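> Can you keep this structure in mind? I'll have questions shortly.
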Amino acid sequence: MRDTIAAIATPPGSGGVGIVRVSGTGALGVVRRLAPGLPARLTSHQLRRARVCDLRGEVLDDALIVWMQGPRSYTGEDVVEIQGHGGAAQMARLLGAVCEAGARLAAPGEFTQRAFLHGRLDLTQAEAVADLIYASSEAALRVARRHLEGELGAAIQAIQGGLITALMLTEAAIDFSAEEHVYQLDHAGLIARVEREIAAVEGLLGTWEAGRQAREGVRVVILGRPNAGKSTLFNLLCGQERAIVTEVAGTTRDVLEEVILVRGVAVRLADTAGLREATDRVERIGVERAAAAARGADLILWVIDGSDPEGLDGEVQAHLRASGAEVLAVVNKADRGCALALEGLGEQLHVSLASRQGEAALLDALATRVLARTAAAQGEGAVITRQRHRDALARALEAMCRARDAAEAGLSHEFIALDLRLALEATGEVVGRVSADDILNRIFADFCVGK
Amino acid sequence: MVQPLPAMGPDLRYPQPFDAVVIGGGHAGCEAAHALARMGCRTLMLTMSIDTIGHMSCNPAIGGLAKGHLVKEIDALGGIMGRVADAAAIQYRRLNASKGPAVRGTRAQADMRVYRQRMAQLLMDTPNLTIKQDTVEDLLVEGTPGRDLRVTGVLTGLGVRYQAACVVVTTGTFLRGRCHVGLNSFQGGRAGDGVSMGLSAVLSSLDLQMGRLKTGTPPRLDGNTIDWDRFEVQPGDDPPHRFSFYWDEPMLPQLPCHLAYTNPHTHDAIRAATDRSPMFTGVIEGVGPRYCPSIEDKVVRFADKNQHLIFLEPQGLDTREVYPNGLSTSLPLDVQYAFLRTIPGLERVEIMRAGYAVEYDFVNPIQLSPALELRAVAGLFLAGQINGTSGYEEAAAQGLIAGVNAALKVRGAEPLTFGRDQGYLGVLVDDLVTCGTEEPYRMFTSRAEFRLLLREDNADLRLSQLGYDLGLLPPEHYARFVAKRDRIQRARDLLTTLRINHADPHVEAAEAHGLGRLRGPTTLDELLRRPQVSVSMIYGFLSSIGYGDAADLLHNLTPAEAEQVEIQCLYAGYIDRQDEQARRFRELEDLPIPDDLDYAALPGISFEARQKLTATRPVSVGQAQRIPGVTPAAISALLVHLEARRSATPDPLTA
């Protein structure tokens, strides 16, 4: 049996009403010890007014108490909520009394974990609750909220619905071909159905980059030759809207990372060692780390010393190309005049970081790009945010394409069905599985079979 | 001078104990009794009537989609249904013949009388098997309920006590059976037969979870009152594909079936009488099969359909009775006449036996182990409709599994669990004991996730070795099996390894034999995969280019073996993928859960999952994860617990 946990369920700060939530088999017993005035027979999901005292008999509050009998509760266990008169100190006293009476302080996410274990939330919803708790930016928060509302689950279920129909038609033509109405599989119709779901899966997979960047933050890496002004840019950007203080240093202090907020989107900003032909070993390691950071980047800020005749170093450009990331050229030291031919670089910003000249334009350019990268995750529609979602959907897509190809090649139904099943299983890994009985149920509901 | 056997005393205690008693002589009982006796157990079959052994209570046919698979698997193991069906068949059809090999199903109309006679005769000729006519009133048990209850024998209606270590109960629809014709109902497991009340009471007293199901049959028609010329003829296949891999039973003369259709007048007649239907008036409480609805059900539920197909099936060579498949009903007799006579060609039809529905008790099969042994009572096995299934083939398959496991128990051997990747037998048993059932359970190919591996054509390759190892399959059949398996293997090896270069004579010969162009060195396997290419074409090609020995290897294949080689070659890609799936499936399947695991003490799983696991007591983690209501989270918790338990228990070999 699971023990009984408790926590303050309302946000910190003083509000009109605050809630202490207690969950577990002993929840009602715990609360009864504090509220002896509760009637012996309670009705689930019905508010009761009662005086709450601590174990020494000191009155804490005149509260409303609601008992939600499992499994019809958030966690699926017996849950009791005490709705008291807000105020941080007041709520802390209530929670303290509840713990004295036999409950344990809940660990972060523990209510949600129990809800998932009891099947009250699907996996994407449980993940979303975790994301909500740990969301570092508004964009991440928005995506998490939408997952909690089940938007991704609903999108996957819609795809599963289409696959189930396709599979039902295929299976009916196999298992009931000899029955009273001889079902013929309409290959063209089937292919059209599968293609519709292929498009839907591709659409979801297309949100992965934006979804990941909205959830984890856009990885922006500052790259360039030594003394081009990289650290100045890093410090300048960090000075803006400093959000979460997580100065993550590399194992050696060569890659600095900081999370900043750019128009509500988290950006994981990394400053790297200057790139050049390194001679000593320590510096070479620094260069390797910088190159690795570049390979993992979503956006590279390429800082160029415009006054340096060797500013357009071929090696830096090789790293940029290898990274495959979007590149924004930042030509620094504009006040000293330009010693370089910059025509081939595409869009570029001319700034003087030391004197903060061009700073506004630079911030705007960065914000435009960051917002564009996460736009798909912030608009309408479901978004995938985790590697797990992407792997499962990629496998589903592969199987659906094979099913379509088998149908186009005129292969027998069971070969089409095999891959439709695999596709269903793969999508099921995101939200929940579909059983053979679900398919048969659809056949019985939709077709008149039986002799 | 022959010594007489010890006499029975006035207490009617039968002096010689049996190894096993099989209660019932239906399709499950016949396979169970035969398997037990073949495996060397002294076996007693008790049946209410020796004359109805092997009776086909419903439609006069064996096999069909997925059901044909079961019959072939039974035959491959050394069971009897396929052989008797071949002896009684009066029409063969291979269903889904135009589809791939995995979903083709063999079906035969059977002469019901011949089927019964051949089945009874075969059982009477089986050594170790005694057949007696009697009912069973009580089960003899010893031990403490909930701890170590075990069966020790049976007490019959005549008052005889038979001792046995194992009892297999195959009572079909006879547990508290009640037949309905219109709003009239009467006790009986089948029209014209009695009912088994005593056994029902005994099973209830064991505190088993029971349920109630219903099934229906159509009225049987007098063929002489049918205007046959008005119906489309449906002939059988020529040549027929038969069931048995090993028995070559003589063929009876073959008969056609006929196709008929209901029409709006038929439906009006049915609709006008729904208030006299026990189904719609709530008299019948049992749950019926959705895949086999009564005609009144079809007319009401699918009101937009203005016709339904009926197969007019002969019940035998020397009977006038006709079975109108698709017209099962429990409407009153006058309504049965009224709607039948709206069908052109049936205007003057006479009903020989009225259609009726039967309601009966079944035991929720999640209370059984995968050996079909009741977990609550050691030695007590259940098989067939008592476990909530429908169909002769499903019943026979369970009978075989229960019989084999009862025999293993008598031998003191470990029980045998058929895997879902081994055969439809495995799918059937696993579905029943893992998920239970709420309606009469019927096999479908879509229930088998390893469908491409579990084909009719390779049932012997999958199961005959096992059948022989168990002692079911006769040695002479096993020898034929081994020879077949080896010929197929040698042919496969040849096809995959012999590479033909594209020398000019080879290229010409290939084209001449219809194999297409040789563009470079090519394996025979690759050639066989080309459209329209058969093993015999490859054989012709090899002979013409001087590969005589290799050609002979192919030439010596029987048609069935050549077909097997072609299927394995053609679908190798898909088969390999399913093999890989099966391999991954095995990982959790081979992870056993100890018998004594206390789910109440297992931390971190939901109430529902705990309840389901406790009720089902899965034998492996694989089975556990298939139980409805057991979430992936619960399986993770279970895996963690098993791992912790494993590392905490000292290894008996090293300790």
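Letters for chains follow the order of the structure tokens (A, B, ...), residue numbers begin at 1 for each chain, and ligand numbers begin at 1 in the order shown.
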Would you mind listing, as a ChimeraX atom specification, all residues of chain B that have at least one atom within 8 Å of chain A, where only C-alpha atoms are what counts?
/B:65-66,95-96,99-100,102-103,290-293,298,302,308-310,325-328,444-447,452,574,600-601,603-608,631,633-634
> Could you list, as a list in words, every residue within 10 Å of Gly381 in chain A, counting only C-alpha atoms and ignoring same-chain residues fewer than 5 positions away?
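Using only C-alpha atoms, the neighbours found are Arg146, Glu151, Leu152, Ala155, Gly203, Leu204, Thr207 and Ala376 of chain A.
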> Out of B:Thr217, B:Glu31, B:Ala85, B:Leu208, which residue has the shortest atom-to-atom distance to Leu129 in chain B when counting only C-alpha atoms?
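Using only C-alpha atoms, the shortest distance to Leu129 in chain B belongs to B:Glu31.
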> For Tyr162 in chain B, list every protein, DNA or RNA residue within 10 Å, evaluated using only C-alpha atoms, and leave out those in the same chain fewer than 2 positions away; present the list as number ranges by chain.
B: 12-18, 20-21, 44, 139-140, 152-156, 159-160, 164
> Neighbouring residues of Gly346 in chain A were defined as those with any atom within 10 Å, considering only C-alpha atoms; residues of the same chain fewer than 5 positions away were excluded. Please report them as an MDAnalysis selection string.
chainID A and resid 327:329
> Go ahead and save the picked residues with all heavy atoms, as an mmCIF file, in the first residue's frame.

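Here's the written file out00.cif:
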```cif
data_model
loop_
_atom_site.group_PDB
_atom_site.id
_atom_site.type_symbol
_atom_site.label_atom_id
_atom_site.label_comp_id
_atom_site.auth_asym_id
_atom_site.auth_seq_id
_atom_site.Cartn_x
_atom_site.Cartn_y
_atom_site.Cartn_z
ATOM 1 N N VAL A 327 23.229 30.512 -39.412
ATOM 2 C CA VAL A 327 24.352 31.368 -39.003
ATOM 3 C C VAL A 327 23.945 32.832 -39.151
ATOM 4 O O VAL A 327 23.345 33.225 -40.147
ATOM 5 C CB VAL A 327 25.589 31.086 -39.883
ATOM 6 C CG1 VAL A 327 26.712 32.048 -39.511
ATOM 7 C CG2 VAL A 327 26.034 29.638 -39.719
ATOM 8 N N LEU A 328 24.232 33.604 -38.131
ATOM 9 C CA LEU A 328 24.054 35.053 -38.216
ATOM 10 C C LEU A 328 25.439 35.680 -38.024
ATOM 11 O O LEU A 328 26.083 35.458 -36.998
ATOM 12 C CB LEU A 328 23.087 35.520 -37.117
ATOM 13 C CG LEU A 328 22.839 37.027 -37.050
ATOM 14 C CD1 LEU A 328 22.234 37.557 -38.335
ATOM 15 C CD2 LEU A 328 21.928 37.345 -35.870
ATOM 16 N N ALA A 329 25.879 36.419 -39.058
ATOM 17 C CA ALA A 329 27.216 37.020 -38.978
ATOM 18 C C ALA A 329 27.130 38.340 -38.211
ATOM 19 O O ALA A 329 26.308 39.201 -38.524
ATOM 20 C CB ALA A 329 27.763 37.249 -40.385
#
```
> Report the distance between CA of Ala382 in chain A and CA of Arg404 in chain A in Å, rounded to one decimal place.
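Separation between CA of Ala382 in chain A and CA of Arg404 in chain A: 24.5 Å.
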> Would you kindly return, as a VMD selection string, each protein, DNA or RNA residue with an atom no farther than 8 Å from any atom of Leu463 in chain B, considering only C-alpha atoms and excluding same-chain residues fewer than 4 positions away?
chain B and resid 73 76 to 77 422 459 467
> Fewer than 3 positions away in the same chain doesn't count, so skip those; otherwise give me all residues within 8 Å of Ile23 in chain B, counting only C-alpha atoms, as a list in words.
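Returned residues: Gly29, Met45, Leu46, Thr47, Val136, Val167, Val168, Val169, Thr170 and Thr171 of chain B.
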> Residues of the last selection are to be written out with all heavy atoms, as a PDB file, in the first residue's frame.

```pdb
ATOM      1  N   GLY B  29     -14.040 -33.100 -25.702  1.00  0.00           N
ATOM      2  CA  GLY B  29     -13.900 -34.361 -24.979  1.00  0.00           C
ATOM      3  C   GLY B  29     -13.209 -35.422 -25.819  1.00  0.00           C
ATOM      4  O   GLY B  29     -12.360 -36.172 -25.320  1.00  0.00           O
ATOM      5  N   MET B  45     -13.855 -42.070 -20.583  1.00  0.00           N
ATOM      6  CA  MET B  45     -14.740 -41.018 -21.073  1.00  0.00           C
ATOM      7  C   MET B  45     -16.140 -41.295 -20.573  1.00  0.00           C
ATOM      8  O   MET B  45     -16.683 -42.378 -20.782  1.00  0.00           O
ATOM      9  CB  MET B  45     -14.744 -40.956 -22.604  1.00  0.00           C
ATOM     10  CG  MET B  45     -15.775 -39.959 -23.144  1.00  0.00           C
ATOM     11  SD  MET B  45     -16.021 -40.052 -24.936  1.00  0.00           S
ATOM     12  CE  MET B  45     -14.775 -38.917 -25.486  1.00  0.00           C
ATOM     13  N   LEU B  46     -16.721 -40.315 -19.878  1.00  0.00           N
ATOM     14  CA  LEU B  46     -18.110 -40.427 -19.430  1.00  0.00           C
ATOM     15  C   LEU B  46     -18.955 -39.500 -20.290  1.00  0.00           C
ATOM     16  O   LEU B  46     -18.685 -38.304 -20.376  1.00  0.00           O
ATOM     17  CB  LEU B  46     -18.225 -40.015 -17.957  1.00  0.00           C
ATOM     18  CG  LEU B  46     -17.661 -41.008 -16.944  1.00  0.00           C
ATOM     19  CD1 LEU B  46     -17.698 -40.401 -15.541  1.00  0.00           C
ATOM     20  CD2 LEU B  46     -18.452 -42.312 -16.988  1.00  0.00           C
ATOM     21  N   THR B  47     -19.948 -40.031 -20.938  1.00  0.00           N
ATOM     22  CA  THR B  47     -20.803 -39.201 -21.787  1.00  0.00           C
ATOM     23  C   THR B  47     -22.264 -39.505 -21.484  1.00  0.00           C
ATOM     24  O   THR B  47     -22.611 -40.624 -21.114  1.00  0.00           O
ATOM     25  CB  THR B  47     -20.512 -39.448 -23.283  1.00  0.00           C
ATOM     26  OG1 THR B  47     -21.550 -38.852 -24.058  1.00  0.00           O
ATOM     27  CG2 THR B  47     -20.429 -40.922 -23.624  1.00  0.00           C
ATOM     28  N   VAL B 136     -22.302 -37.028 -14.660  1.00  0.00           N
ATOM     29  CA  VAL B 136     -21.477 -36.775 -13.482  1.00  0.00           C
ATOM     30  C   VAL B 136     -22.251 -35.867 -12.549  1.00  0.00           C
ATOM     31  O   VAL B 136     -22.732 -34.808 -12.942  1.00  0.00           O
ATOM     32  CB  VAL B 136     -20.134 -36.142 -13.875  1.00  0.00           C
ATOM     33  CG1 VAL B 136     -19.387 -35.662 -12.640  1.00  0.00           C
ATOM     34  CG2 VAL B 136     -19.300 -37.153 -14.641  1.00  0.00           C
ATOM     35  N   VAL B 167      -9.182 -34.847 -13.953  1.00  0.00           N
ATOM     36  CA  VAL B 167     -10.509 -34.848 -14.556  1.00  0.00           C
ATOM     37  C   VAL B 167     -10.569 -33.703 -15.555  1.00  0.00           C
ATOM     38  O   VAL B 167     -10.194 -32.575 -15.231  1.00  0.00           O
ATOM     39  CB  VAL B 167     -11.610 -34.680 -13.483  1.00  0.00           C
ATOM     40  CG1 VAL B 167     -12.980 -34.516 -14.130  1.00  0.00           C
ATOM     41  CG2 VAL B 167     -11.606 -35.877 -12.530  1.00  0.00           C
ATOM     42  N   VAL B 168     -11.002 -34.018 -16.779  1.00  0.00           N
ATOM     43  CA  VAL B 168     -11.155 -32.979 -17.803  1.00  0.00           C
ATOM     44  C   VAL B 168     -12.645 -32.771 -18.037  1.00  0.00           C
ATOM     45  O   VAL B 168     -13.353 -33.705 -18.413  1.00  0.00           O
ATOM     46  CB  VAL B 168     -10.462 -33.385 -19.119  1.00  0.00           C
ATOM     47  CG1 VAL B 168     -10.540 -32.245 -20.133  1.00  0.00           C
ATOM     48  CG2 VAL B 168      -9.012 -33.784 -18.870  1.00  0.00           C
ATOM     49  N   VAL B 169     -13.122 -31.552 -17.769  1.00  0.00           N
ATOM     50  CA  VAL B 169     -14.540 -31.259 -17.903  1.00  0.00           C
ATOM     51  C   VAL B 169     -14.788 -30.590 -19.256  1.00  0.00           C
ATOM     52  O   VAL B 169     -14.253 -29.529 -19.542  1.00  0.00           O
ATOM     53  CB  VAL B 169     -15.026 -30.329 -16.770  1.00  0.00           C
ATOM     54  CG1 VAL B 169     -16.530 -30.090 -16.888  1.00  0.00           C
ATOM     55  CG2 VAL B 169     -14.678 -30.915 -15.415  1.00  0.00           C
ATOM     56  N   THR B 170     -15.579 -31.242 -20.093  1.00  0.00           N
ATOM     57  CA  THR B 170     -15.881 -30.693 -21.425  1.00  0.00           C
ATOM     58  C   THR B 170     -17.378 -30.794 -21.652  1.00  0.00           C
ATOM     59  O   THR B 170     -17.848 -31.519 -22.499  1.00  0.00           O
ATOM     60  CB  THR B 170     -15.142 -31.467 -22.535  1.00  0.00           C
ATOM     61  OG1 THR B 170     -15.691 -32.790 -22.616  1.00  0.00           O
ATOM     62  CG2 THR B 170     -13.661 -31.592 -22.250  1.00  0.00           C
ATOM     63  N   THR B 171     -18.133 -30.025 -20.868  1.00  0.00           N
ATOM     64  CA  THR B 171     -19.577 -30.211 -20.866  1.00  0.00           C
ATOM     65  C   THR B 171     -20.305 -29.257 -21.810  1.00  0.00           C
ATOM     66  O   THR B 171     -21.531 -29.214 -21.797  1.00  0.00           O
ATOM     67  CB  THR B 171     -20.122 -30.028 -19.446  1.00  0.00           C
ATOM     68  OG1 THR B 171     -19.543 -28.847 -18.902  1.00  0.00           O
ATOM     69  CG2 THR B 171     -19.764 -31.199 -18.588  1.00  0.00           C
TER      70      THR B 171
END
```
> What residues in range 75-211 of chain B get the DSSP label helix (DSSP H, G or I)? Please answer as a PyMOL selection string.
chain B and resi 75-77+81-88+101-103+112-124+197-205
> Using only C-alpha atoms, determine which residues lie at most 10 Å from Leu64 in chain A, disregarding the query and same-chain residues fewer than 2 positions distant; provide the list as a PyMOL selection string.
chain A and resi 19+46-52+61-62+66+81-85
> Produce a file of the selected residues containing N, CA, C and O atoms, as a short mmCIF file (atom, residue, chain, number, x, y, z; two decimals), in the first residue's frame.

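See selection.cif below for the written result:
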```
data_model
loop_
_atom_site.label_atom_id
_atom_site.label_comp_id
_atom_site.auth_asym_id
_atom_site.auth_seq_id
_atom_site.Cartn_x
_atom_site.Cartn_y
_atom_site.Cartn_z
N ILE A 19 -5.31 25.68 -0.63
CA ILE A 19 -5.73 24.28 -0.53
C ILE A 19 -4.57 23.40 -0.11
O ILE A 19 -3.48 23.49 -0.68
N GLN A 46 -18.33 15.80 -2.07
CA GLN A 46 -19.27 16.77 -1.52
C GLN A 46 -18.55 17.62 -0.48
O GLN A 46 -17.86 17.10 0.39
N LEU A 47 -18.70 18.94 -0.60
CA LEU A 47 -18.02 19.85 0.32
C LEU A 47 -18.66 19.78 1.71
O LEU A 47 -19.88 19.70 1.83
N ARG A 48 -17.81 19.83 2.74
CA ARG A 48 -18.28 19.84 4.13
C ARG A 48 -17.56 20.96 4.85
O ARG A 48 -16.36 21.14 4.65
N ARG A 49 -18.25 21.66 5.67
CA ARG A 49 -17.59 22.70 6.45
C ARG A 49 -17.21 22.08 7.79
O ARG A 49 -18.00 21.37 8.40
N ALA A 50 -15.97 22.33 8.23
CA ALA A 50 -15.55 21.76 9.52
C ALA A 50 -14.43 22.59 10.12
O ALA A 50 -13.66 23.24 9.41
N ARG A 51 -14.36 22.55 11.42
CA ARG A 51 -13.28 23.24 12.12
C ARG A 51 -12.06 22.33 12.13
O ARG A 51 -12.17 21.14 12.43
N VAL A 52 -10.89 22.91 11.77
CA VAL A 52 -9.67 22.11 11.73
C VAL A 52 -8.77 22.52 12.89
O VAL A 52 -8.48 23.71 13.07
N ASP A 61 -8.28 26.66 11.64
CA ASP A 61 -9.06 27.28 10.57
C ASP A 61 -10.49 26.73 10.61
O ASP A 61 -10.74 25.65 11.12
N ASP A 62 -11.38 27.51 10.02
CA ASP A 62 -12.72 27.02 9.75
C ASP A 62 -12.73 26.76 8.24
O ASP A 62 -12.75 27.69 7.45
N VAL A 66 -13.27 18.48 1.28
CA VAL A 66 -13.92 17.61 0.30
C VAL A 66 -13.12 16.32 0.20
O VAL A 66 -11.90 16.32 0.14
N GLU A 81 -9.13 17.26 0.21
CA GLU A 81 -8.61 18.62 0.10
C GLU A 81 -9.19 19.47 1.21
O GLU A 81 -10.40 19.42 1.48
N ILE A 82 -8.30 20.22 1.87
CA ILE A 82 -8.73 21.17 2.89
C ILE A 82 -8.61 22.56 2.30
O ILE A 82 -7.50 22.98 1.93
N GLN A 83 -9.72 23.23 2.14
CA GLN A 83 -9.69 24.58 1.59
C GLN A 83 -9.76 25.55 2.74
O GLN A 83 -10.80 25.71 3.38
N GLY A 84 -8.60 26.16 3.02
CA GLY A 84 -8.52 27.06 4.16
C GLY A 84 -8.44 28.51 3.72
O GLY A 84 -8.52 28.82 2.53
N HIS A 85 -8.28 29.37 4.71
CA HIS A 85 -8.18 30.79 4.40
C HIS A 85 -6.73 31.12 4.15
O HIS A 85 -5.93 31.16 5.07
#
```
> Please run DSSP on the backbone and report, as a list in words, all residues within range 181-233 of chain B that come out as strand (DSSP E).
Val181, Asn184, Ser185, Phe186, Gln187, Met210, Gly211, Arg212, Leu213, Lys214, Thr215, Gly216, Thr217, Arg220, Leu221, Asp222, Glu232 and Val233 of chain B
> Record the distance separating CA of Ala201 in chain B and CA of Asp138 in chain B, expressed in Å with one decimal.
8.6 Å
> With only C-alpha atoms as the basis for distance, which of A:Val259, A:Leu28, A:Leu236, A:Leu349 is at the shortest distance from Ala40 in chain A?
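The closest residue to Ala40 in chain A is A:Leu28.
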> What is the CA of Thr272 in chain A-CA of Gly286 in chain A distance in Å, reported with one decimal?
7.8 Å
